[in-house]
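A.B. asks: Have a look at this one.
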Amino acid sequence: LNDFRSAKLPRQIAAGFWSANRALSAQAIAGAYAGASRKPPLAPEDLATAMIALDIGLALQHFVDPDAVPLRTYPDLFELLFGPLAPER
């Protein structure tokens, strides 16, 4: 981890990617709630951060141990954790 932090370029690339991803996701989340005339349960940025964290965590675990964390777990876990927060429910 310290090696990654000391490598400015990879950190800047990752920060730019996740910052843009978070902003776009937050915008989509805010739009979905606005379209349903509902207020999100948390700030859209926080919900986007949680979704990204789950994605990164699952991806890293799959990379390290693909048999224990198969890609098929993604949809079920996202639905379980974030489905109840969908504004149209």
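Naming works like this for the structure tokens: A, B, ... for the chains as they're shown, residue 1 at the start of each chain, ligands 1 onward in shown order.
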Given only C-alpha atoms, how would the per-residue table for region 37-79 of chain A near region 16-24 of chain A read, listing every residue at most 12 Å away with its closest atom pair and distance in Å to one decimal, sorted by chain and number, as a Markdown table?
C.D. replies:
| residue | atom | partner | partner_atom | distance |
| --- | --- | --- | --- | --- |
| A:Ala43 | CA | A:Ala23 | CA | 11.8 |
| A:Pro44 | CA | A:Ala23 | CA | 9.0 |
| A:Glu45 | CA | A:Arg22 | CA | 6.6 |
| A:Asp46 | CA | A:Arg22 | CA | 8.8 |
| A:Leu47 | CA | A:Arg22 | CA | 9.1 |
| A:Ala48 | CA | A:Arg22 | CA | 5.5 |
| A:Thr49 | CA | A:Arg22 | CA | 6.3 |
| A:Ala50 | CA | A:Arg22 | CA | 9.6 |
| A:Met51 | CA | A:Arg22 | CA | 8.9 |
| A:Ile52 | CA | A:Arg22 | CA | 7.4 |
| A:Ala53 | CA | A:Trp18 | CA | 10.1 |
| A:Asp55 | CA | A:Trp18 | CA | 11.4 |
| A:Ile56 | CA | A:Trp18 | CA | 10.3 |
A.B. asks: Could you take the residues named above and write them with N, CA, C and O atoms, as an mmCIF file, in the first residue's frame?
C.D. replies:
data_model
loop_
_atom_site.group_PDB
_atom_site.id
_atom_site.type_symbol
_atom_site.label_atom_id
_atom_site.label_comp_id
_atom_site.auth_asym_id
_atom_site.auth_seq_id
_atom_site.Cartn_x
_atom_site.Cartn_y
_atom_site.Cartn_z
ATOM 1 N N ALA A 43 -26.774 10.929 1.135
ATOM 2 C CA ALA A 43 -26.323 11.768 0.028
ATOM 3 C C ALA A 43 -25.973 10.881 -1.165
ATOM 4 O O ALA A 43 -25.362 9.816 -0.987
ATOM 5 N N PRO A 44 -26.376 11.268 -2.382
ATOM 6 C CA PRO A 44 -26.047 10.463 -3.551
ATOM 7 C C PRO A 44 -24.558 10.151 -3.670
ATOM 8 O O PRO A 44 -24.181 9.055 -4.094
ATOM 9 N N GLU A 45 -23.709 11.081 -3.252
ATOM 10 C CA GLU A 45 -22.262 10.838 -3.295
ATOM 11 C C GLU A 45 -21.868 9.696 -2.366
ATOM 12 O O GLU A 45 -20.982 8.905 -2.679
ATOM 13 N N ASP A 46 -22.527 9.617 -1.214
ATOM 14 C CA ASP A 46 -22.230 8.541 -0.264
ATOM 15 C C ASP A 46 -22.708 7.193 -0.790
ATOM 16 O O ASP A 46 -22.030 6.180 -0.632
ATOM 17 N N LEU A 47 -23.878 7.185 -1.403
ATOM 18 C CA LEU A 47 -24.366 5.940 -1.998
ATOM 19 C C LEU A 47 -23.452 5.491 -3.134
ATOM 20 O O LEU A 47 -23.137 4.301 -3.263
ATOM 21 N N ALA A 48 -23.001 6.437 -3.948
ATOM 22 C CA ALA A 48 -22.074 6.113 -5.032
ATOM 23 C C ALA A 48 -20.764 5.565 -4.472
ATOM 24 O O ALA A 48 -20.214 4.588 -4.996
ATOM 25 N N THR A 49 -20.269 6.164 -3.410
ATOM 26 C CA THR A 49 -19.035 5.690 -2.775
ATOM 27 C C THR A 49 -19.199 4.256 -2.286
ATOM 28 O O THR A 49 -18.309 3.421 -2.464
ATOM 29 N N ALA A 50 -20.337 3.957 -1.678
ATOM 30 C CA ALA A 50 -20.582 2.597 -1.184
ATOM 31 C C ALA A 50 -20.630 1.591 -2.333
ATOM 32 O O ALA A 50 -20.087 0.484 -2.224
ATOM 33 N N MET A 51 -21.242 1.975 -3.436
ATOM 34 C CA MET A 51 -21.314 1.069 -4.586
ATOM 35 C C MET A 51 -19.921 0.821 -5.170
ATOM 36 O O MET A 51 -19.585 -0.315 -5.519
ATOM 37 N N ILE A 52 -19.132 1.864 -5.253
ATOM 38 C CA ILE A 52 -17.764 1.723 -5.763
ATOM 39 C C ILE A 52 -16.943 0.856 -4.820
ATOM 40 O O ILE A 52 -16.171 -0.009 -5.258
ATOM 41 N N ALA A 53 -17.110 1.061 -3.526
ATOM 42 C CA ALA A 53 -16.360 0.265 -2.548
ATOM 43 C C ALA A 53 -16.700 -1.218 -2.665
ATOM 44 O O ALA A 53 -15.802 -2.074 -2.612
ATOM 45 N N ASP A 55 -17.808 -2.711 -5.363
ATOM 46 C CA ASP A 55 -17.246 -3.150 -6.640
ATOM 47 C C ASP A 55 -15.746 -3.419 -6.537
ATOM 48 O O ASP A 55 -15.257 -4.469 -6.957
ATOM 49 N N ILE A 56 -15.016 -2.494 -5.948
ATOM 50 C CA ILE A 56 -13.560 -2.654 -5.822
ATOM 51 C C ILE A 56 -13.234 -3.833 -4.916
ATOM 52 O O ILE A 56 -12.353 -4.633 -5.222
#
A.B. asks: Go through A:Ala34, A:Pro84, A:Tyr74, A:Gln27 one by one, measure the shortest atom-to-atom distance of each to Gly57 (chain A) using only C-alpha atoms, and give the residue with the smallest value.
C.D. replies: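 Residue with the minimum atom-to-atom distance to Gly57 (chain A): A:Tyr74.
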A.B. asks: Based on DSSP run over this structure's backbone, return all residues of region 40-82 of chain A in alpha helix (DSSP H), as a ChimeraX atom specification.
C.D. replies: /A:44-64,73-82
A.B. asks: Check the smallest atom-to-atom distance from each of A:Ala32, A:Leu9, A:Ala14, A:Leu54 to Ala86 (chain A) using only C-alpha atoms, then report the winner.
C.D. replies: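 For Ala86 (chain A), the nearest of the candidates is A:Ala32.
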A.B. asks: At a cut-off of 12 Å, using only C-alpha atoms, what residues contact Arg72 (chain A)? Leave out same-chain residues fewer than 5 positions from it and give the result as JSON, numbers by chain.
C.D. replies: {"A": [58, 59, 62, 66, 67, 77, 78]}
A.B. asks: Create the file for the chosen residues now, containing all heavy atoms and written as a CSV table (one decimal), in the first residue's frame.
C.D. replies:
chain,number,residue,atom,x,y,z
A,58,LEU,N,-15.1,-6.5,-4.2
A,58,LEU,CA,-15.4,-7.8,-4.9
A,58,LEU,C,-14.3,-8.1,-6.0
A,58,LEU,O,-13.9,-9.2,-6.2
A,58,LEU,CB,-16.8,-7.8,-5.5
A,58,LEU,CG,-17.9,-7.8,-4.5
A,58,LEU,CD1,-19.2,-7.6,-5.2
A,58,LEU,CD2,-17.9,-9.2,-3.7
A,59,ALA,N,-14.0,-7.0,-6.8
A,59,ALA,CA,-13.0,-7.2,-7.9
A,59,ALA,C,-11.7,-7.7,-7.3
A,59,ALA,O,-11.0,-8.6,-7.8
A,59,ALA,CB,-12.8,-5.9,-8.6
A,62,HIS,N,-12.0,-11.2,-6.1
A,62,HIS,CA,-12.1,-12.2,-7.2
A,62,HIS,C,-10.7,-12.3,-7.8
A,62,HIS,O,-10.3,-13.5,-8.2
A,62,HIS,CB,-13.0,-11.7,-8.3
A,62,HIS,CG,-13.1,-12.5,-9.5
A,62,HIS,ND1,-13.7,-13.7,-9.5
A,62,HIS,CD2,-12.6,-12.3,-10.7
A,62,HIS,CE1,-13.5,-14.2,-10.7
A,62,HIS,NE2,-12.9,-13.4,-11.5
A,66,PRO,N,-10.5,-16.3,-7.3
A,66,PRO,CA,-11.6,-16.3,-8.1
A,66,PRO,C,-12.6,-17.4,-7.8
A,66,PRO,O,-13.8,-17.3,-8.1
A,66,PRO,CB,-11.1,-16.4,-9.6
A,66,PRO,CG,-9.7,-16.9,-9.4
A,66,PRO,CD,-9.2,-16.4,-8.0
A,67,ASP,N,-12.1,-18.5,-7.3
A,67,ASP,CA,-13.0,-19.6,-7.0
A,67,ASP,C,-13.9,-19.3,-5.8
A,67,ASP,O,-15.1,-19.7,-5.7
A,67,ASP,CB,-12.2,-20.9,-6.7
A,67,ASP,CG,-11.6,-21.5,-7.9
A,67,ASP,OD1,-12.1,-21.2,-9.1
A,67,ASP,OD2,-10.5,-22.1,-7.8
A,77,LEU,N,-25.3,-9.6,-4.8
A,77,LEU,CA,-24.9,-8.7,-3.7
A,77,LEU,C,-25.3,-7.3,-3.9
A,77,LEU,O,-25.8,-6.6,-3.0
A,77,LEU,CB,-23.4,-8.8,-3.5
A,77,LEU,CG,-22.9,-10.1,-2.9
A,77,LEU,CD1,-21.4,-10.2,-2.9
A,77,LEU,CD2,-23.4,-10.2,-1.4
A,78,PHE,N,-25.2,-6.8,-5.1
A,78,PHE,CA,-25.7,-5.4,-5.4
A,78,PHE,C,-27.2,-5.3,-5.2
A,78,PHE,O,-27.7,-4.3,-4.6
A,78,PHE,CB,-25.3,-4.9,-6.8
A,78,PHE,CG,-23.9,-4.3,-6.9
A,78,PHE,CD1,-22.8,-5.1,-7.1
A,78,PHE,CD2,-23.8,-2.9,-6.7
A,78,PHE,CE1,-21.6,-4.5,-7.1
A,78,PHE,CE2,-22.6,-2.3,-6.8
A,78,PHE,CZ,-21.4,-3.1,-6.9
A.B. asks: How far is it from CA of Ala15 (chain A) to CA of Gln61 (chain A), in Å with one decimal?
C.D. replies: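 Separation of CA of Ala15 (chain A) and CA of Gln61 (chain A): 20.4 Å.
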A.B. asks: Report, in Å with one decimal, the straight-line distance from CA of Thr73 (chain A) to CA of Ala36 (chain A).
C.D. replies: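 Taking CA of Thr73 (chain A) and CA of Ala36 (chain A), their separation equals 28.4 Å.
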